file structure13.txt (compact mmCIF, C-alpha atoms)
# COMPACT_ATOMS: atom_id res chain seq x y z
CA MET C 177 0.00 0.00 0.00
CA ILE C 178 1.28 3.45 -0.91
CA LEU C 179 1.05 5.96 1.95
CA ARG C 180 0.93 9.76 1.67
CA GLY C 181 3.91 10.08 4.03
CA ASP C 182 6.06 8.14 1.56
CA LEU C 183 5.33 10.57 -1.26
CA ILE C 184 6.32 14.03 -2.41
CA LYS C 185 4.03 16.17 -4.54
CA ILE C 186 5.93 17.04 -7.71
CA GLY C 187 3.26 18.67 -9.85
CA ARG C 188 -0.09 18.09 -11.50
CA PHE C 189 -1.47 16.74 -14.71
CA GLY C 190 -3.08 19.17 -17.13
CA ARG C 191 -5.33 18.20 -20.00
CA PRO C 192 -4.95 15.37 -22.51
CA HIS C 193 -2.74 16.30 -25.46
CA GLY C 194 -3.88 14.93 -28.79
CA ILE C 195 -5.79 11.69 -29.25
CA LYS C 196 -3.09 9.08 -28.57
CA GLY C 197 -3.11 9.19 -24.76
CA GLU C 198 -0.53 11.87 -24.00
CA ILE C 199 -1.26 14.20 -21.10
CA SER C 200 0.41 17.46 -20.16
CA PHE C 201 2.31 17.41 -16.88
CA TYR C 202 3.24 20.60 -15.01
CA PHE C 203 6.07 19.74 -12.64
CA THR C 204 7.69 21.60 -9.79
CA ASN C 205 10.36 18.94 -9.35
CA ASP C 206 11.87 17.01 -12.24
CA SER C 207 12.44 13.85 -10.15
CA PHE C 208 10.04 11.98 -12.40
CA ASP C 209 12.83 11.85 -15.00
CA ASN C 210 14.72 9.49 -12.65
CA GLU C 211 15.08 6.17 -14.50
CA ALA C 212 15.32 4.24 -11.19
CA CYS C 213 11.57 4.82 -10.68
CA PRO C 214 9.67 4.85 -13.97
CA PHE C 215 6.25 5.70 -12.54
CA LEU C 216 4.16 8.58 -11.22
CA ILE C 217 1.46 8.36 -8.56
CA CYS C 218 -1.99 9.99 -8.43
CA GLU C 219 -4.67 9.81 -5.78
CA LEU C 220 -7.87 8.34 -7.20
CA ASP C 221 -10.87 7.81 -4.92
CA GLY C 222 -8.65 8.06 -1.83
CA ILE C 223 -6.13 5.47 -3.04
CA PHE C 224 -2.65 6.25 -4.37
CA VAL C 225 -2.28 4.58 -7.77
CA PRO C 226 1.04 4.25 -9.66
CA PHE C 227 1.16 4.84 -13.40
CA LYS C 228 4.14 3.59 -15.40
CA ILE C 229 5.71 6.19 -17.68
CA GLU C 230 6.00 4.79 -21.18
CA LYS C 231 7.42 7.93 -22.74
CA SER C 232 7.99 11.54 -21.79
CA ARG C 233 9.19 14.63 -23.58
CA PHE C 234 9.92 18.05 -22.17
CA ILE C 235 8.25 20.99 -23.85
CA SER C 236 9.51 23.64 -21.40
CA ASP C 237 11.47 23.84 -18.16
CA SER C 238 8.28 23.13 -16.18
CA THR C 239 6.08 21.15 -18.57
CA ALA C 240 6.32 17.73 -20.16
CA LEU C 241 4.05 15.55 -22.21
CA ILE C 242 3.67 12.09 -20.68
CA LEU C 243 2.46 8.85 -22.23
CA LEU C 244 1.40 6.34 -19.56
CA LYS C 245 1.52 2.59 -20.13
CA GLY C 246 -1.89 1.19 -21.06
CA LYS C 247 -3.35 4.63 -21.77
CA SER C 248 -3.65 5.04 -25.53
CA SER C 249 -6.49 7.54 -25.94
CA ASP C 250 -7.46 10.94 -24.64
CA ALA C 251 -10.55 9.41 -23.00
CA GLN C 252 -8.35 7.08 -20.92
CA VAL C 253 -6.16 9.89 -19.53
CA ARG C 254 -9.01 12.37 -19.08
CA LEU C 255 -9.70 10.97 -15.59
CA LEU C 256 -6.22 12.15 -14.57
CA ALA C 257 -6.71 15.73 -15.77
CA GLN C 258 -5.94 18.32 -13.08
CA LYS C 259 -4.92 15.60 -10.57
CA GLU C 260 -1.91 16.20 -8.31
CA VAL C 261 1.08 14.03 -9.12
CA TYR C 262 3.34 12.44 -6.51
CA PHE C 263 6.69 10.66 -6.53
CA PRO C 264 8.12 8.22 -3.94
CA LYS C 265 10.47 9.97 -1.48
CA GLN C 266 12.81 6.96 -1.44
CA TYR C 267 13.93 7.67 -5.00
CA ILE C 268 14.61 11.31 -4.28
CA GLU C 269 16.57 10.44 -1.14
CA GLU C 270 18.80 8.10 -3.14
CA ASN C 271 19.66 10.95 -5.48
CA PRO C 272 20.03 14.02 -3.24
CA ALA C 273 20.56 17.50 -4.63
CA GLU C 274 23.97 19.14 -4.29
CA ASP C 275 22.97 20.71 -0.97
CA GLY C 276 21.87 17.36 0.49
CA HIS C 277 18.15 17.15 -0.31
CA SER C 278 15.55 18.92 -2.37
CA TRP C 279 13.18 21.07 -0.32
CA GLU C 280 10.38 18.57 -1.02
CA TYR C 281 12.28 15.99 1.03
CA PHE C 282 11.25 17.91 4.18
CA THR C 283 7.50 17.42 3.63
CA GLY C 284 6.15 15.93 6.87
CA PHE C 285 8.91 17.42 9.04
CA THR C 286 7.92 19.56 12.05
CA LEU C 287 9.12 23.18 11.91
CA ILE C 288 10.24 24.58 15.27
CA ASP C 289 11.26 28.19 15.88
CA GLU C 290 14.10 28.61 18.37
CA ARG C 291 12.20 31.39 20.22
CA LYS C 292 8.49 30.67 19.68
CA GLY C 293 8.51 26.85 19.69
CA GLU C 294 6.64 24.50 17.40
CA ILE C 295 5.11 26.14 14.35
CA GLY C 296 3.60 23.06 12.72
CA SER C 297 4.13 20.28 10.23
CA ILE C 298 5.26 20.98 6.67
CA ALA C 299 2.29 19.90 4.53
CA GLU C 300 4.00 20.64 1.23
CA VAL C 301 6.64 22.79 -0.41
CA ASP C 302 5.53 25.49 -2.84
CA THR C 303 8.16 25.86 -5.55
CA SER C 304 5.95 27.81 -7.95
CA THR C 305 7.71 31.08 -7.06
CA LEU C 306 11.36 32.08 -7.29
CA ASN C 307 11.82 31.28 -3.58
CA ALA C 308 10.56 27.93 -2.26
CA LEU C 309 8.10 28.12 0.64
CA PHE C 310 7.25 25.63 3.37
CA VAL C 311 3.44 25.37 3.56
CA ILE C 312 2.38 24.81 7.17
CA LYS C 313 -1.25 23.88 7.88
CA LYS C 314 -2.19 24.90 11.41
CA ASP C 315 -5.78 24.83 12.62
CA HIS C 316 -7.66 26.44 9.72
CA ASP C 317 -4.75 28.63 8.66
CA GLU C 318 -1.98 28.17 6.15
CA LEU C 319 1.41 29.65 6.99
CA LEU C 320 4.06 30.23 4.33
CA ILE C 321 7.63 30.13 5.63
CA PRO C 322 10.62 30.76 3.34
CA ALA C 323 12.56 27.55 2.65
CA THR C 324 16.07 28.94 2.87
CA ASP C 325 19.33 27.89 4.50
CA ASP C 326 19.55 31.37 6.06
CA ILE C 327 16.86 30.64 8.68
CA ILE C 328 17.67 26.97 9.41
CA ALA C 329 19.59 26.48 12.65
CA HIS C 330 19.57 22.66 12.77
CA ILE C 331 17.89 19.68 11.11
CA ASP C 332 17.19 16.48 13.03
CA GLU C 333 16.43 13.97 10.26
CA LYS C 334 15.80 11.08 12.66
CA GLN C 335 13.13 13.02 14.59
CA LYS C 336 11.96 14.74 11.37
CA LYS C 337 12.35 18.22 12.87
CA ILE C 338 13.73 21.45 11.46
CA TYR C 339 14.83 24.10 13.94
CA VAL C 340 14.70 27.62 12.53
CA GLU C 341 15.44 31.18 13.60
CA LEU C 342 12.63 33.13 11.97
CA PRO C 343 12.94 36.87 11.42
CA GLU C 344 11.04 38.97 13.97
CA GLY C 345 7.43 39.58 12.92
CA LEU C 346 7.19 36.78 10.35
CA LEU C 347 4.61 34.89 12.40
CA GLU C 348 2.62 38.00 13.31
CA TYR C 349 -0.72 38.24 11.52

call {"tool": "encode", "arguments": {"input": "structure13.txt", "output": "structure tokens"}}
result
Amino acid sequence: MILRGDLIKIGRFGRPHGIKGEISFYFTNDSFDNEACPFLICELDGIFVPFKIEKSRFISDSTALILLKGKSSDAQVRLLAQKEVYFPKQYIEENPAEDGHSWEYFTGFTLIDERKGEIGSIAEVDTSTLNALFVIKKDHDELLIPATDDIIAHIDEKQKKIYVELPEGLLEY
């Protein structure tokens, strides 16, 4: 069984492209191009389902056209349109970025400010802007914290905690 905690959101599918089963894929992390794991995962009816990548081609630095195994018509891929796309963390961890890990690796970690204490759990990482942001869901609010080495004091990977020194006033709202 595939669990949400084992996955990292790497983008979303767009609309079908043409009539032969290709679908546009808008990615925020190009991990899907990792040959060690030739599949992408979508959540369908509350269950995470893997789809084997038969062929992919980049059309920009954030968009690709994907052909999934067994999907040979636009009608077959239409059910995936606008669905979020996930990738297994284990394959990203085996191929860390130059700085150790991609920001998405820290999804599920608890963010703790050195002065104010626990802020919350990182629900996802927003890489749609120039600066990556940790998205923290707390109560009914969503906090956006810059994902930058400048504010990180210490990372405890075993406990899945990130200790930060946030600038004064960042949490005031």

call {"tool": "residues_around", "arguments": {"input": "structure13.txt", "residues": "C:Gly246", "least_positions_apart": "5", "cutoff": "12 Å", "atoms": "all atoms listed in the file", "output": "list in words"}}
result
Lys196, Gly197, Glu198, Phe227, Lys228, Ile229, Glu230, Lys231, Gln252 and Val253 of chain C

call {"tool": "atom_distance", "arguments": {"input": "structure13.txt", "atom1": "atom CA of C:Trp279", "atom2": "atom CA of C:Leu346"}}
result
19.9 Å

call {"tool": "atom_distance", "arguments": {"input": "structure13.txt", "atom1": "atom CA of C:Asp326", "atom2": "atom CA of C:Pro343"}}
result
10.1 Å

call {"tool": "residues_near_point", "arguments": {"input": "structure13.txt", "point": "(13.6, 29.9, 22.7)", "cutoff": "12 Å", "atoms": "only C-alpha atoms", "output": "VMD selection string"}}
result
chain C and resid 288 to 294 339 to 342

call {"tool": "atom_distance", "arguments": {"input": "structure13.txt", "atom1": "atom CA of C:His316", "atom2": "atom CA of C:Gln335"}}
result
25.2 Å
